[in-house]
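Following: one structure in structure tokens, then a few remarks.
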Amino acid sequence: MSGELKPPRSRIDEIDRKLVELMAERMNAVRAIGKSKSTDTEAPLRDHSREQEVQARWQGEAETHGLSSYFTGRILREVMNYSRRVQEELLDRSQNTTHVRQLRVGFQGVSGSYSDLTLTKLFSERPQCRLERKGFASFARAVDALENGDLDYALLPIENTIAGSLNETYQLLADRQLSIVDEEILPVDHCLVGLKGAEVEQLRVIRSHPVALQQCTIWLNKLSNCATEGTTDTASSAEALLNNNDPHEAAICSEEAAGRLGLTILERNIANQAHNYTRFVLVAREPETVDARRPARMSLILMVNHRRGSLAKCLDAFARRQINLSKLESRAKPESPWEYQFYLDIEGHREDPKVKEALDEISSHANTLKELGCYPRRSVFGEDLVPEEHVAEEVASAKPEAKIVSNASLRRSGRKPAHEPSIVKIGGVPIGAGHFMLIAGPCAVETRAQITAGARMVREAGGQVLRGGAFKPRTSPYSFQGLGFPGLELLCQAGGAYELPVITEVLRLEDVNRIAQSADALQVGARNMQNFELLKKLGKIDRPVLLKRGLSATVADLLAAAEYIMAGGNQQVILCERGIRTFETATRSTLDISAIPVLKERTHLPVIVDPSHAAGRRELVLPLAAAAVAAGADGLIVECHPDPDNAMCDKEQALTREDLDELVASIKSMGRML
Ligand code: PEP
Ligand code: MN
């Protein structure tokens with residue numbers, strides 16, 4: 001190390017030590033609050049307004065120190081996830097003792113496998129639990145040991161987002177007397193690892209668990225002269241490298257397994273899909289209780305009787321009580337082919353009267369109903385799991401009872417008396433039924449620097465989805481037409497860097513599939529609202545579509561256009577009022593505010609407003625946005641630019657960072673949460 005680097009590096013080490021110390025102190029304070037919540041059984045687990053206050057203060061402090069509120073905000077989000085996890089664990093009475101519990105936990109594989117990592121994550125906040133971990137050659141062996149009393153718990157993977165359900169686990173849950181007492185979700189990041197000095201081009205064999213190999217086929221197929229071989233688990237494929245000591249061999253495993261064995265990472269993130277998560281369940285011999293305030297999940301096995309419509313009646317018992325079904329899986333009964341048992345996961349607590357009622361009702365349509373367990377419900381990153389009742393309250397307050405107008409030609413988009421407002425998600429961000437969404441970004445993607453700065457301003461201001469046109473429908477053929485696919489790539493990279501899903505406009509039928517592969521949502525511009533062939537094609541994809549109202553289209557025309565998309569199978573449609581042509585020239589278009597309540601009467605689809613294209617002038621965007629929120633819009637889409645004066649497209653209406661802040665404050669002041 002050169003001499004001048006030494007002092008700043010030891011300074012960094014010293015600061016890091018302090019940061020960890022402060023973090024430990026913060027967690028002690030969090031624990032003190034958690035303890036008082038656990039003794040006062042009436043106290044709510046989450047205090048949303050307090051969380052918002054903490055966030056705003058932290059953001060303000062970061063800015064006064066000249067730090068990026070985006071990156072510091074990410075740190076705080078993670079700290080808050082951690083704190084929530086700590087408090088949730090404290091609600092479990094057995095955690096509230098100083099008594100050390102020795103737990104024997106079994107899993108399939110060797111140390112460093114994904115199951116082993118999952119145990120570390122699951123038990124990270126139970127300091128009084130001492131884990132004695134035991135690896136087994138198969139899931140069944142681990143379960144045998146649990147049944148014999150040699151283990152307290154066994155951890156079993158149950159589903160993976162790429163590979164699907166694990167049949168063996170489901171079979172064990174059906175055949176043995178097990179109770180699911182907890183779950184954990186692990187983001188899986190497959191790495192290619194080798195010996196020091198190994199090179200990808202020189203590899204002759206790559207080993208891993210067959211499921212891991214299957215998840216990386218696209219990357220593996222690029223290699224020539226390299227074979228693959230299945231092993232019992234990912235970590236043992238890495239161990240084999242050390243034993244063989246051959247630089248032509250590599251393994252696919254986690255970064256942690258590679259680190260533990262001192263192996264080199266040759267390539268990260270080699271799975272076919274960016275999102276790769278595995279859900280695990282922790283099973284015990286007996287059920288355990290879960291504090292009623294925690295978000296919970298229940299798993300059930302159902303065998304319906306043979307009367308027609310029995311399954312539908314069972315599902316309806318949940319639907320009528322607003323109980324969300326998070327998984328339904330049907331499997332043939334091994335002993336009687338063509339007869340099925342259904343595995344259901346619901347979001348809810350065993351002690352919730354609604355759940356009890358639903359289960360009672362279902363019993364009358366079922367031959368058997370077996371409860372596999374009621375356990376704490378985890379999310380991917382442990383982030384914001386709003387308990388069901390909270391969402392239901394929001395819906396009730398946001399949606400005054402609309403007059404129902406039904407119309408036979410709007411079979412899918414129309415509102416029927418039984419129709420609840422729909423929720424559509426763009427890259428995981430929900431809109432509709434009480435969820436508000438702010439989409440913002442430049443009119444067009446211009447350069448990497450411009451869209452990256454645009455993404456940053458949207459993220460820092462609190463927007464949830466990034467917009468940016470790669471294909472621009474311009475009135476004049478001489479105006480900038482957009483960067484095309486390279487622009488889309490820049491948009492996706494900027495969205496990825498700031499964790500924002502992206503939306504972009506599609507102009508041509510032949511581009512639909514290609515855009516759908518990378519964008520999280522597709523926009524149909526006002527000029528294309530009645531391009532029926534385009535709409536039909538969008539009906540065939542599995543991506544949300546933002547449908548803008550045509551310049552001279554009626555509300556009925558807009559709904560008929562939505563029906564085209566939905567008739568093709570795609571129900572994920574968001575409607576957008578963006579102003580219409582009238583005799584008035586003071587604004588670019590005339591924003592039809594009344595379209596919002598009218599649409600709400602006629603459709604269950606979410607409705608958003610684009611005040612930017614309606615106004616055409618920056619000064620008018622904020623008041624029009626406020627009017628839209630007041631009239632009941634489910635979201636807004638606005639244009640903003642890091643340097644509006646030099647924008648290549650629609651610069652007169654582009655909001656600045658300050659304008660965006662003001663917009664977000666006004667949305668919040670009207671009681672809508674972002
Ligand atoms: C846009 O959102 O970029 C756009 C072109 O809007 P509209 O289709 O509403 O004119
Ligand atoms: Mn525009």
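Chain labels run A, B, ... following the order of the structure tokens; each chain numbers its residues from 1, and ligands are numbered from 1 in the order shown.
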
Can you pull out the residues contacting segment 212-226 of chain A? Cut-off 7 Å, using only C-alpha atoms, and skip same-chain residues under 2 positions away; I want them as an NGL selection string.
:A and (162 or 203-205 or 208-210 or 228 or 270-272)

Counting only C-alpha atoms and all ligand atoms, name the residues that have an atom within 12 Å of an atom of ligand 2; the answer should be given as a ChimeraX atom specification.
/A:440-445,467-475,480-482,504-505,525-526,578,588,610-617,637-641,647-655

Polymer residues at most 12 Å from Arg308 of chain A, only C-alpha atoms, same-chain spacing of 4 or more positions, as a ChimeraX atom specification:
/A:304,312-314,365-366

Those selected residues, please, written with C-alpha atoms and delivered as a CSV table (one decimal), in the first residue's frame.
```
chain,number,residue,atom,x,y,z
A,304,VAL,CA,-62.5,-31.2,-2.3
A,312,ALA,CA,-64.8,-22.6,-6.7
A,313,LYS,CA,-67.0,-22.5,-3.6
A,314,CYS,CA,-63.9,-23.0,-1.4
A,365,HIS,CA,-67.2,-28.5,0.6
A,366,ALA,CA,-64.1,-30.6,1.4
```

d(atom CA of Leu325 of chain A, atom CA of Arg297 of chain A) in Å
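So the answer is 9.6 Å.
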
Where in segment 343-576 of chain A does DSSP assign strand (DSSP E), given as an MDAnalysis selection string?
chainID A and resid 343:347 366:376 424:426 429:431 437:441 465:467 502:505 521:524 545:548 573:576

Taking only segment 140-370 of chain A into account, list the residues labelled helix (DSSP H, G or I) by DSSP (computed from the backbone), as a ChimeraX atom specification.
/A:140-147,167-175,200-202,210-215,217-220,234-244,255-261,310-319,353-363

Tell me, as JSON, numbers by chain, which residues lie within 8 Å of segment 374-376 of chain A, counting only C-alpha atoms; anything in the same chain fewer than 2 positions away does not count.
{"A": [180, 181, 182, 183, 287, 288, 289, 290, 294, 295, 296, 297, 298, 299, 349, 350, 372, 378]}

Can you work out the spacing between atom CA of Arg77 of chain A and atom CA of Tyr498 of chain A in Å, to one decimal?
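Atom CA of Arg77 of chain A sits 13.8 Å away from atom CA of Tyr498 of chain A.
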
Which polymer residues have any atom within 12 Å of an atom of Ile515 of chain A, counting only C-alpha atoms, with same-chain residues fewer than 5 positions away left out, as number ranges by chain?
A: 469-471, 484-489, 491-492, 502-510, 520-523, 538, 541-543, 545

Got time to write the residues from that selection, N, CA, C and O atoms, as a short mmCIF file (atom, residue, chain, number, x, y, z; two decimals), in the first residue's frame?
```
data_model
loop_
_atom_site.label_atom_id
_atom_site.label_comp_id
_atom_site.auth_asym_id
_atom_site.auth_seq_id
_atom_site.Cartn_x
_atom_site.Cartn_y
_atom_site.Cartn_z
N GLY A 469 -39.32 8.18 -23.21
CA GLY A 469 -39.67 7.70 -24.54
C GLY A 469 -38.41 7.33 -25.33
O GLY A 469 -37.46 8.12 -25.41
N ALA A 470 -38.41 6.11 -25.88
CA ALA A 470 -37.31 5.72 -26.78
C ALA A 470 -37.79 5.86 -28.22
O ALA A 470 -37.02 6.11 -29.13
N PHE A 471 -39.10 5.69 -28.40
CA PHE A 471 -39.72 5.87 -29.72
C PHE A 471 -40.72 7.00 -29.55
O PHE A 471 -41.68 6.87 -28.79
N GLY A 484 -34.67 4.97 -30.13
CA GLY A 484 -35.02 3.57 -30.45
C GLY A 484 -34.50 2.61 -29.39
O GLY A 484 -34.38 2.97 -28.21
N PHE A 485 -34.18 1.38 -29.80
CA PHE A 485 -33.79 0.35 -28.83
C PHE A 485 -32.57 0.72 -27.98
O PHE A 485 -32.55 0.41 -26.78
N PRO A 486 -31.55 1.40 -28.55
CA PRO A 486 -30.45 1.80 -27.66
C PRO A 486 -30.96 2.72 -26.53
O PRO A 486 -30.48 2.67 -25.40
N GLY A 487 -31.98 3.53 -26.85
CA GLY A 487 -32.57 4.41 -25.82
C GLY A 487 -33.26 3.59 -24.75
O GLY A 487 -33.18 3.88 -23.55
N LEU A 488 -33.94 2.51 -25.18
CA LEU A 488 -34.63 1.65 -24.22
C LEU A 488 -33.60 1.00 -23.28
O LEU A 488 -33.82 0.90 -22.07
N GLU A 489 -32.47 0.61 -23.85
CA GLU A 489 -31.44 -0.01 -23.01
C GLU A 489 -30.93 0.99 -21.97
O GLU A 489 -30.76 0.66 -20.79
N LEU A 491 -32.57 3.48 -20.76
CA LEU A 491 -33.65 3.68 -19.79
C LEU A 491 -33.64 2.55 -18.75
O LEU A 491 -33.74 2.80 -17.54
N CYS A 492 -33.50 1.31 -19.24
CA CYS A 492 -33.53 0.16 -18.31
C CYS A 492 -32.32 0.21 -17.37
O CYS A 492 -32.44 -0.11 -16.18
N VAL A 502 -39.48 0.65 -15.18
CA VAL A 502 -39.54 1.63 -16.27
C VAL A 502 -40.74 1.40 -17.17
O VAL A 502 -41.20 0.28 -17.35
N ILE A 503 -41.20 2.52 -17.74
CA ILE A 503 -42.30 2.45 -18.71
C ILE A 503 -41.88 3.24 -19.94
O ILE A 503 -41.25 4.30 -19.82
N THR A 504 -42.23 2.72 -21.12
CA THR A 504 -41.88 3.43 -22.35
C THR A 504 -42.96 3.20 -23.38
O THR A 504 -43.72 2.23 -23.31
N GLU A 505 -43.04 4.12 -24.35
CA GLU A 505 -44.12 4.02 -25.34
C GLU A 505 -43.76 3.06 -26.46
O GLU A 505 -42.61 3.00 -26.90
N VAL A 506 -44.77 2.30 -26.92
CA VAL A 506 -44.57 1.44 -28.09
C VAL A 506 -45.39 2.02 -29.24
O VAL A 506 -46.54 2.39 -29.07
N LEU A 507 -44.74 2.13 -30.41
CA LEU A 507 -45.45 2.71 -31.56
C LEU A 507 -45.85 1.65 -32.57
O LEU A 507 -46.85 1.78 -33.25
N ARG A 508 -44.99 0.61 -32.68
CA ARG A 508 -45.20 -0.32 -33.78
C ARG A 508 -45.50 -1.73 -33.26
O ARG A 508 -44.88 -2.18 -32.29
N LEU A 509 -46.39 -2.39 -33.99
CA LEU A 509 -46.78 -3.76 -33.68
C LEU A 509 -45.57 -4.68 -33.54
O LEU A 509 -45.47 -5.48 -32.61
N GLU A 510 -44.64 -4.54 -34.47
CA GLU A 510 -43.51 -5.48 -34.50
C GLU A 510 -42.52 -5.26 -33.36
O GLU A 510 -41.63 -6.09 -33.15
N ASP A 520 -40.79 -2.62 -17.94
CA ASP A 520 -41.73 -3.18 -16.96
C ASP A 520 -43.18 -2.91 -17.36
O ASP A 520 -44.08 -3.58 -16.90
N ALA A 521 -43.38 -1.85 -18.16
CA ALA A 521 -44.74 -1.56 -18.63
C ALA A 521 -44.63 -0.86 -19.98
O ALA A 521 -43.61 -0.23 -20.29
N LEU A 522 -45.69 -0.98 -20.80
CA LEU A 522 -45.69 -0.35 -22.11
C LEU A 522 -46.78 0.72 -22.15
O LEU A 522 -47.85 0.54 -21.58
N GLN A 523 -46.47 1.80 -22.83
CA GLN A 523 -47.43 2.90 -22.92
C GLN A 523 -47.96 2.97 -24.34
O GLN A 523 -47.20 2.85 -25.30
N LEU A 538 -51.02 -6.17 -27.81
CA LEU A 538 -50.73 -5.92 -26.40
C LEU A 538 -51.58 -6.81 -25.48
O LEU A 538 -51.24 -7.05 -24.33
N ILE A 541 -49.56 -10.05 -24.38
CA ILE A 541 -48.33 -10.05 -23.58
C ILE A 541 -48.66 -10.02 -22.09
O ILE A 541 -49.77 -9.70 -21.69
N ASP A 542 -47.65 -10.36 -21.28
CA ASP A 542 -47.83 -10.34 -19.84
C ASP A 542 -47.08 -9.14 -19.25
O ASP A 542 -46.11 -9.30 -18.53
N ARG A 543 -47.49 -7.96 -19.65
CA ARG A 543 -46.91 -6.72 -19.12
C ARG A 543 -48.04 -5.71 -18.98
O ARG A 543 -48.94 -5.67 -19.82
N VAL A 545 -50.15 -2.35 -19.36
CA VAL A 545 -50.22 -1.37 -20.46
C VAL A 545 -50.87 -0.10 -19.94
O VAL A 545 -51.93 -0.14 -19.32
#
```

Extract, using only C-alpha atoms, all DNA, RNA and protein residues at most 12 Å from segment 196-201 of chain A, discarding same-chain residues fewer than 4 positions from it, and format them as a PyMOL selection string.
chain A and resi 192+205-206+219-220+222-226+241-242+245-251+258+261-267

Let me make sure I understand: among A:Gln464, A:Asn367, A:Ser111, A:Ser165, which one has the smallest atom-to-atom distance to Pro430 of chain A if we use only C-alpha atoms?
A:Gln464

Distance in Å - atom CA of Tyr82 of chain A versus atom CA of Leu344 of chain A
29.0 Å
